[in-house]
>>> print(open('run_37.cif').read())   # mmCIF, C-alpha atoms
data_input
loop_
_atom_site.label_atom_id
_atom_site.label_comp_id
_atom_site.auth_asym_id
_atom_site.auth_seq_id
_atom_site.Cartn_x
_atom_site.Cartn_y
_atom_site.Cartn_z
CA MET U 1 159.08 221.64 -38.69
CA SER U 2 160.53 218.32 -37.64
CA ALA U 3 164.10 217.43 -38.53
CA ALA U 4 162.95 214.14 -40.07
CA ASN U 5 160.52 215.95 -42.38
CA GLN U 6 163.20 218.48 -43.31
CA LYS U 7 165.58 215.71 -44.22
CA LEU U 8 162.91 213.90 -46.21
CA PHE U 9 162.04 217.12 -48.03
CA LEU U 10 165.66 217.81 -48.94
CA ASP U 11 166.13 214.21 -50.09
CA LEU U 12 163.02 214.42 -52.26
CA PHE U 13 164.11 217.79 -53.62
CA ASN U 14 167.55 216.54 -54.57
CA GLN U 15 166.20 213.37 -56.10
CA TYR U 16 163.24 214.79 -58.03
CA LYS U 17 164.11 218.42 -58.78
CA GLY U 18 165.21 217.50 -62.31
CA MET U 19 162.01 215.59 -63.00
CA VAL U 20 159.79 218.40 -61.69
CA MET U 21 161.82 221.05 -63.54
CA GLN U 22 161.49 219.16 -66.79
CA VAL U 23 157.74 218.68 -66.43
CA SER U 24 157.33 222.36 -65.49
CA THR U 25 159.44 223.44 -68.46
CA GLY U 26 157.49 221.19 -70.82
CA PHE U 27 154.20 222.40 -69.41
CA LEU U 28 155.24 226.01 -69.97
CA GLN U 29 156.61 225.48 -73.49
CA GLY U 30 160.25 225.70 -72.55
CA ASP U 31 160.17 228.86 -70.48
CA ARG U 32 162.71 228.12 -67.79
CA GLU U 33 162.10 231.26 -65.78
CA LEU U 34 158.42 230.49 -65.31
CA ALA U 35 159.24 226.81 -64.87
CA ASN U 36 161.52 227.73 -62.01
CA ASP U 37 158.62 229.54 -60.30
CA LEU U 38 156.33 226.61 -60.95
CA LEU U 39 158.90 224.20 -59.51
CA GLN U 40 158.98 226.27 -56.33
CA GLU U 41 155.19 226.08 -56.08
CA VAL U 42 155.34 222.33 -56.53
CA PHE U 43 157.91 221.90 -53.75
CA ILE U 44 156.05 224.27 -51.43
CA ASN U 45 152.99 222.03 -51.95
CA ILE U 46 155.15 218.96 -51.36
CA TRP U 47 156.31 220.45 -48.06
CA ILE U 48 152.71 221.18 -47.00
CA ALA U 49 151.60 217.66 -47.96
CA LEU U 50 154.67 215.92 -46.55
CA PRO U 51 153.16 214.98 -43.13
CA ASN U 52 150.54 212.99 -45.09
CA PHE U 53 153.06 211.01 -47.10
CA LYS U 54 152.47 207.43 -45.94
CA GLY U 55 154.44 205.65 -48.62
CA GLU U 56 151.32 203.99 -50.04
CA SER U 57 152.49 204.94 -53.50
CA SER U 58 156.07 205.41 -54.65
CA PRO U 59 157.61 208.85 -53.96
CA LYS U 60 157.81 209.38 -57.72
CA THR U 61 154.07 208.79 -58.23
CA TRP U 62 153.25 210.91 -55.17
CA ILE U 63 155.39 213.79 -56.44
CA TYR U 64 154.02 213.42 -59.96
CA ARG U 65 150.48 213.74 -58.58
CA ILE U 66 151.37 216.95 -56.77
CA THR U 67 153.21 218.25 -59.83
CA VAL U 68 150.27 217.54 -62.14
CA ASN U 69 147.75 219.14 -59.77
CA THR U 70 149.99 222.16 -59.19
CA CYS U 71 150.54 222.63 -62.95
CA LEU U 72 146.79 222.52 -63.61
CA THR U 73 146.09 224.92 -60.74
CA TYR U 74 148.84 227.23 -61.97
CA LEU U 75 147.34 227.39 -65.45
CA ARG U 76 143.82 227.88 -64.05
CA LYS U 77 145.06 230.81 -61.96
CA GLN U 78 146.77 232.35 -65.00
CA LYS U 79 143.64 231.95 -67.10
CA SER U 80 141.52 233.34 -64.34
CA LYS U 81 143.83 236.33 -63.85
CA ARG U 82 144.34 237.27 -67.44
CA GLN U 83 141.22 235.79 -69.05
CA ILE U 84 143.30 234.40 -71.85
CA ASN U 85 142.88 231.37 -74.04
CA THR U 86 144.44 228.02 -73.16
CA GLN U 87 147.81 228.42 -74.74
CA ALA U 88 148.31 232.14 -75.11
CA LEU U 89 150.40 232.68 -71.99
CA PRO U 90 153.18 230.15 -72.48
CA ARG U 91 153.45 230.88 -76.19
CA GLN U 92 153.61 234.63 -75.68
CA VAL U 93 156.25 234.33 -73.02
CA ALA U 94 158.26 231.82 -75.04
CA ASP U 95 158.16 234.20 -77.99
CA VAL U 96 159.28 237.17 -75.97
CA ILE U 97 162.08 235.45 -74.07
CA PRO U 98 164.07 233.24 -76.41
CA ASP U 99 165.62 230.42 -74.42
CA THR U 100 169.18 230.25 -75.61
CA THR U 101 170.09 227.33 -73.39
CA VAL U 102 167.69 224.96 -75.09
CA SER U 103 168.75 223.46 -78.35
CA LYS U 104 166.58 223.89 -81.42
CA ASN U 105 165.35 220.29 -81.23
CA HIS U 106 164.30 220.55 -77.65
CA ASN U 107 162.70 223.93 -78.18
CA HIS U 108 160.69 222.35 -80.96
CA LEU U 109 159.76 219.47 -78.68
CA TYR U 110 158.62 221.78 -75.90
CA HIS U 111 156.76 223.93 -78.39
CA ALA U 112 155.01 220.87 -79.82
CA ILE U 113 154.07 219.61 -76.35
CA GLY U 114 152.77 223.09 -75.58
CA GLN U 115 150.30 222.82 -78.47
CA LEU U 116 148.48 220.03 -76.66
CA GLU U 117 145.70 220.46 -74.12
CA SER U 118 147.01 220.92 -70.59
CA THR U 119 146.27 217.41 -69.29
CA ASP U 120 147.52 215.86 -72.53
CA ARG U 121 150.82 217.72 -72.09
CA LEU U 122 151.26 216.20 -68.66
CA ILE U 123 150.32 212.70 -69.83
CA ILE U 124 152.72 212.73 -72.78
CA MET U 125 155.54 213.96 -70.55
CA MET U 126 154.97 210.98 -68.27
CA VAL U 127 155.12 208.72 -71.34
CA LEU U 128 158.37 210.38 -72.42
CA ASP U 129 159.64 209.88 -68.89
CA GLU U 130 158.97 206.15 -69.46
CA MET U 131 156.46 205.78 -66.67
CA GLU U 132 154.41 202.60 -66.80
CA TYR U 133 150.77 202.95 -67.89
CA PRO U 134 149.34 201.79 -64.53
CA GLU U 135 151.47 204.46 -62.86
CA ILE U 136 150.25 207.20 -65.21
CA SER U 137 146.70 205.99 -64.71
CA ASN U 138 147.30 206.27 -60.96
CA VAL U 139 148.45 209.88 -61.33
CA ILE U 140 145.66 211.04 -63.64
CA GLY U 141 142.84 208.94 -62.20
CA ILE U 142 141.42 207.33 -65.31
CA ARG U 143 141.21 203.64 -66.21
CA GLU U 144 144.17 202.09 -67.95
CA GLY U 145 142.14 201.20 -71.04
CA THR U 146 140.93 204.78 -71.43
CA LEU U 147 144.45 206.00 -70.86
CA ARG U 148 145.86 203.80 -73.63
CA VAL U 149 143.33 205.20 -76.11
CA LYS U 150 144.09 208.71 -74.92
CA ILE U 151 147.85 208.24 -75.23
CA HIS U 152 147.43 206.86 -78.73
CA ARG U 153 145.48 209.98 -79.71
CA ILE U 154 148.00 212.30 -78.05
CA LYS U 155 150.88 210.61 -79.87
CA GLN U 156 149.07 211.07 -83.18
CA ARG U 157 148.41 214.71 -82.43
CA LEU U 158 152.01 215.27 -81.36
CA LYS U 159 153.27 213.59 -84.52
CA ASN U 160 151.09 215.89 -86.63
CA ILE U 161 152.31 218.93 -84.78
CA MET U 162 155.96 217.89 -85.12
CA HIS U 163 155.56 217.33 -88.85
CA HIS U 164 153.36 220.28 -89.74
CA GLY U 165 153.68 222.79 -86.94
CA MET A 1 158.36 208.49 -80.50
CA ASP A 2 161.75 206.93 -79.78
CA ASP A 3 163.44 210.12 -81.02
CA LEU A 4 161.27 212.17 -78.74
CA LYS A 5 162.11 209.93 -75.80
CA ARG A 6 165.80 210.25 -76.57
CA ASN A 7 165.53 214.04 -76.79
CA TRP A 8 163.57 214.08 -73.57
CA LYS A 9 166.24 212.06 -71.79
CA GLN A 10 169.01 214.35 -73.04
CA GLU A 11 167.06 217.37 -71.93
CA LYS A 12 166.67 215.91 -68.45
CA ALA A 13 170.34 216.53 -67.75
CA ARG A 14 169.82 220.20 -68.56
CA ALA A 15 166.73 220.56 -66.38
CA VAL A 16 168.50 222.12 -63.43
CA PRO A 17 166.42 224.51 -61.34
CA ASN A 18 167.93 227.73 -60.13
CA VAL A 19 166.71 227.22 -56.57
CA ASN A 20 168.50 226.73 -53.29
CA ALA A 21 166.94 223.82 -51.40
CA GLN A 22 167.39 225.31 -47.94
CA ALA A 23 165.97 228.70 -49.01
CA LEU A 24 163.03 226.94 -50.61
CA LEU A 25 162.40 225.02 -47.40
CA SER A 26 162.26 228.28 -45.42
CA LYS A 27 159.98 229.81 -48.04
CA ALA A 28 157.69 226.77 -47.90
CA GLU A 29 157.47 226.94 -44.10
CA THR A 30 156.72 230.70 -44.20
CA PHE A 31 154.07 230.13 -46.85
CA LYS A 32 152.46 227.36 -44.80
CA LYS A 33 152.23 229.59 -41.73
CA SER A 34 150.90 232.63 -43.62
CA SER A 35 148.37 230.43 -45.40
CA ILE A 36 146.99 229.21 -42.04
CA LYS A 37 146.88 232.81 -40.76
CA PHE A 38 145.06 233.93 -43.90
CA GLN A 39 142.52 231.11 -43.62
CA TYR A 40 141.63 231.96 -40.05
CA GLY A 41 141.94 235.73 -40.59
CA ASN A 42 138.36 236.02 -41.87
CA VAL A 43 137.02 233.99 -38.96
CA LEU A 44 138.94 236.18 -36.55
CA ILE A 45 137.62 239.44 -38.05
CA LEU A 46 134.04 238.12 -38.05
CA SER A 47 134.41 236.86 -34.47
CA ILE A 48 135.74 240.24 -33.32
CA THR A 49 132.76 241.92 -35.01
CA LEU A 50 130.38 239.55 -33.23
CA THR A 51 132.11 240.20 -29.91
CA PHE A 52 131.79 243.92 -30.57
CA TYR A 53 128.04 243.42 -31.19
CA LEU A 54 127.66 241.52 -27.92
CA ILE A 55 129.48 244.26 -25.99
CA PHE A 56 127.32 246.86 -27.73
CA PHE A 57 124.19 244.86 -26.83
CA TYR A 58 125.05 244.63 -23.15
CA ARG A 59 126.17 248.25 -23.04
CA PHE A 60 123.29 249.92 -24.90
CA LEU A 61 120.51 247.56 -25.87
CA ILE A 62 119.90 245.24 -22.94
CA TYR A 63 117.37 247.63 -21.48
CA GLY A 64 116.28 248.81 -24.93
CA THR A 65 113.08 248.36 -26.84
CA LEU A 66 111.86 245.06 -28.21
CA LEU A 67 112.44 246.37 -31.72
CA SER A 68 116.14 247.04 -31.08
CA LYS A 69 116.57 243.63 -29.43
CA VAL A 70 114.98 241.94 -32.44
CA GLY A 71 117.24 244.09 -34.63
CA PHE A 72 120.27 242.93 -32.71
CA ILE A 73 119.30 239.27 -33.07
CA ILE A 74 118.60 239.72 -36.79
CA MET A 75 122.08 241.22 -37.20
CA SER A 76 124.00 238.80 -34.98
CA VAL A 77 122.58 235.37 -35.81
CA PRO A 78 123.44 235.57 -39.54
CA LEU A 79 126.92 236.72 -38.58
CA LEU A 80 127.28 233.65 -36.38
CA ILE A 81 126.05 231.51 -39.29
CA ARG A 82 128.62 233.19 -41.55
CA ILE A 83 131.39 232.35 -39.05
CA ILE A 84 130.28 228.71 -38.95
CA ALA A 85 130.10 228.61 -42.77
CA GLU A 86 133.61 230.05 -42.94
CA ILE A 87 134.92 227.35 -40.58
CA ILE A 88 133.19 224.66 -42.68
CA SER A 89 134.78 226.18 -45.77
CA ILE A 90 138.25 226.05 -44.19
CA SER A 91 137.68 222.44 -43.22
CA LYS A 92 136.54 221.58 -46.76
CA GLY A 93 139.55 223.42 -48.17
CA ARG A 94 141.90 221.46 -45.93
CA ASN A 95 140.37 218.22 -47.15
CA ILE A 96 141.50 218.93 -50.69
CA LYS A 97 144.49 216.69 -51.13
CA LEU A 98 147.06 217.77 -53.66
CA TYR A 99 148.47 214.26 -53.67
CA ASP A 100 145.20 212.72 -54.88
CA ASN A 101 145.01 211.83 -58.55
CA ALA A 102 144.12 214.65 -60.96
CA PHE A 103 140.54 213.44 -61.42
CA GLN A 104 139.82 213.23 -57.68
CA HIS A 105 141.59 216.52 -57.05
CA ASN A 106 139.56 218.27 -59.71
CA ASP A 107 136.37 216.76 -58.28
CA GLN A 108 137.24 218.04 -54.79
CA LEU A 109 138.04 221.49 -56.18
CA ILE A 110 134.71 221.64 -58.01
CA ARG A 111 132.79 220.74 -54.82
CA TYR A 112 134.77 223.25 -52.80
CA THR A 113 134.35 226.07 -55.33
CA ALA A 114 130.62 225.32 -55.62
CA PHE A 115 130.36 225.58 -51.84
CA ARG A 116 132.26 228.89 -51.86
CA LYS A 117 130.00 230.18 -54.62
CA TRP A 118 126.91 229.23 -52.58
CA MET A 119 128.42 230.83 -49.49
CA HIS A 120 129.40 234.01 -51.26
CA GLY A 121 126.14 234.12 -53.21
CA PRO A 122 122.79 233.21 -51.59
CA VAL A 123 124.17 232.97 -48.05
CA THR A 124 125.90 236.38 -48.15
CA TYR A 125 122.96 238.10 -49.84
CA THR A 126 120.53 236.69 -47.23
CA ILE A 127 122.86 237.77 -44.46
CA MET A 128 123.11 241.26 -45.94
CA ALA A 129 119.34 241.57 -46.30
CA LEU A 130 118.78 240.49 -42.68
CA TYR A 131 121.62 242.68 -41.56
CA THR A 132 120.02 245.71 -43.25
CA ILE A 133 116.66 245.08 -41.56
CA GLY A 134 118.37 244.64 -38.18
CA TYR A 135 120.45 247.77 -38.71
CA TYR A 136 117.43 250.00 -39.29
CA PHE A 137 115.55 248.38 -36.37
CA ILE A 138 118.43 249.34 -34.09
CA MET A 139 118.60 252.82 -35.59
CA VAL A 140 115.15 253.58 -34.12
CA GLN A 141 116.48 253.12 -30.58
CA PHE A 142 119.85 254.59 -31.48
CA ALA A 143 118.11 257.81 -32.54
CA GLU A 144 117.22 258.40 -28.90
CA LEU A 145 120.86 258.16 -27.83
CA VAL A 146 122.75 260.20 -30.45
CA SER A 147 122.23 263.45 -32.31
CA GLY A 148 119.91 263.64 -35.33
CA TRP A 149 122.59 264.47 -37.88
CA LEU A 150 124.61 261.40 -36.89
CA ILE A 151 121.57 259.16 -37.39
CA VAL A 152 120.88 260.75 -40.78
CA THR A 153 124.54 260.26 -41.76
CA MET A 154 124.46 256.60 -40.64
CA CYS A 155 121.21 255.92 -42.49
CA ILE A 156 122.52 257.51 -45.69
CA ALA A 157 126.00 256.00 -45.44
CA TYR A 158 124.69 252.46 -44.95
CA PRO A 159 123.29 251.96 -48.49
CA VAL A 160 126.55 253.31 -49.96
CA VAL A 161 128.62 250.86 -47.92
CA ALA A 162 126.15 248.06 -48.71
CA TYR A 163 126.41 248.84 -52.43
CA LEU A 164 130.22 248.66 -52.30
CA ILE A 165 130.05 245.33 -50.43
CA ILE A 166 127.55 243.93 -52.95
CA MET A 167 129.87 244.92 -55.80
CA GLN A 168 132.71 243.11 -54.05
CA VAL A 169 130.53 240.04 -53.47
CA ARG A 170 129.48 240.01 -57.13
CA LYS A 171 133.13 240.17 -58.18
CA GLY A 172 133.89 237.19 -55.93
CA ILE A 173 130.98 235.17 -57.33
CA LYS A 174 132.02 235.97 -60.89
CA ASN A 175 135.53 234.74 -60.11
CA GLU A 176 134.21 231.54 -58.53
CA MET A 177 131.95 230.89 -61.52
CA ARG A 178 134.97 231.28 -63.79
CA GLN A 179 136.94 228.85 -61.61
CA LEU A 180 134.06 226.36 -61.82
CA TYR A 181 133.99 226.71 -65.60
CA LEU A 182 137.74 226.15 -65.88
CA LEU A 183 137.59 223.15 -63.54
CA SER A 184 134.78 221.60 -65.56
CA GLU A 185 136.92 222.11 -68.66
CA TYR A 186 139.68 220.03 -67.00
CA TYR A 187 137.08 217.35 -66.30
CA LYS A 188 136.32 217.18 -70.01
CA GLU A 189 140.01 217.14 -70.87
CA ILE A 190 140.76 214.31 -68.44
CA GLU A 191 137.78 212.22 -69.48
CA ASN A 192 138.06 212.63 -73.26
#
>>> encode(input="run_37.cif", output="structure tokens")
Amino acid sequence: MSAANQKLFLDLFNQYKGMVMQVSTGFLQGDRELANDLLQEVFINIWIALPNFKGESSPKTWIYRITVNTCLTYLRKQKSKRQINTQALPRQVADVIPDTTVSKNHNHLYHAIGQLESTDRLIIMMVLDEMEYPEISNVIGIREGTLRVKIHRIKQRLKNIMHHG
Amino acid sequence: MDDLKRNWKQEKARAVPNVNAQALLSKAETFKKSSIKFQYGNVLILSITLTFYLIFFYRFLIYGTLLSKVGFIIMSVPLLIRIIAEIISISKGRNIKLYDNAFQHNDQLIRYTAFRKWMHGPVTYTIMALYTIGYYFIMVQFAELVSGWLIVTMCIAYPVVAYLIIMQVRKGIKNEMRQLYLLSEYYKEIEN
């Protein structure tokens, strides 16, 4: 491992660990323990992909892409292992291990996000993170117009969940 | 939505992972190395098996009957094909870029899993069928070299081992079909 890559990795880790942790936590309905594991997977993947980082996109977009793909792979592996339905795992774990460090509001927010489909969860978290639509479109790989419609629908769904769920 | 954004921002300050950067770096490097070893492990095992066949051929079968030579070829060529397929699979796997967008990444995964399913399905079954024919062809000549009870044991043991391998192969295919299903579900999620 080259010293330059090590330095770059550590810089990226220090700069984006919060962002990745938050996305992982949101993706896993507020379970910080699992999110911590997921974060490690993301950064291991970042390390493996690092020699290919050419700076064509911003580091944030590049890391978001790896985070999104790792989250989806993580969930696919869980489903494949346990043959469970889409949301059973995070909800079960969140029910068993109450997260005392997260305030009621945030728990509710994570829980609501967790009700969405997996890709929708990731998209809405990018919206909450105030990423621009072209950037989100770049991470997900769909046209901006389609994305706008999708985000509108996700917001509606999230609103319903927050009010009724 | 503004409330949610505000909550999200506040939460960001609390999103502190319980991970040491330097330890994670070491873990990542170890994982990378073991992943490469694992990828080439299969190729290595298959190559050793093929080498063993070649040694066996030159030691016992070079002056053997035509039937045993044909048997040897029937057993070895599919194995060589399997090694090549494994190398192609590794190369395809390495081409999957985690830093591509989710749609492209999913597309690459679907192609890769479909290839693995084809390799573990029709290719493996064909190889096993050919391998079985070759095995019994060789047994005819082998019967002249070893005792009768050993030949009987080998002939009886083979179907048992083959059955266990087939069960393993079926398990692998089932898993790959499940992966394909889940990946196609992501496709739908991304597109809709």
>>> atom_distance(input="run_37.cif", atom1="atom CA of Ile123 of chain U", atom2="atom CA of Tyr186 of chain A")
13.2 Å
>>> interface_residues(input="run_37.cif", of="chain U", to="chain A", cutoff="8 Å", atoms="only C-alpha atoms", output="count of residues only")
45
>>> resolve_selection(input="run_37.cif", expression="the PyMOL selection byres ((chain A and resi 120-126) around 12)", output="PyMOL selection string")
chain A and resi 74-75+77-79+81-86+89+113-119+127-133+162-163+165-177
>>> resolve_selection(input="run_37.cif", expression="the PyMOL selection byres ((chain A and resi 70) around 12)", output="list in words")
Phe57, Leu61, Ile62, Gly64, Thr65, Leu66, Leu67, Ser68, Lys69, Gly71, Phe72, Ile73, Ile74, Met75, Ser76, Val77, Leu130, Tyr131, Ile133, Gly134, Tyr135, Tyr136, Phe137, Ile138, Met139, Val140 and Gln141 of chain A
>>> resolve_selection(input="run_37.cif", expression="the PyMOL selection byres ((chain A and resi 39-48) around 8)", output="NGL selection string")
:A and (35-38 or 49-52 or 79 or 83 or 86-87 or 90)
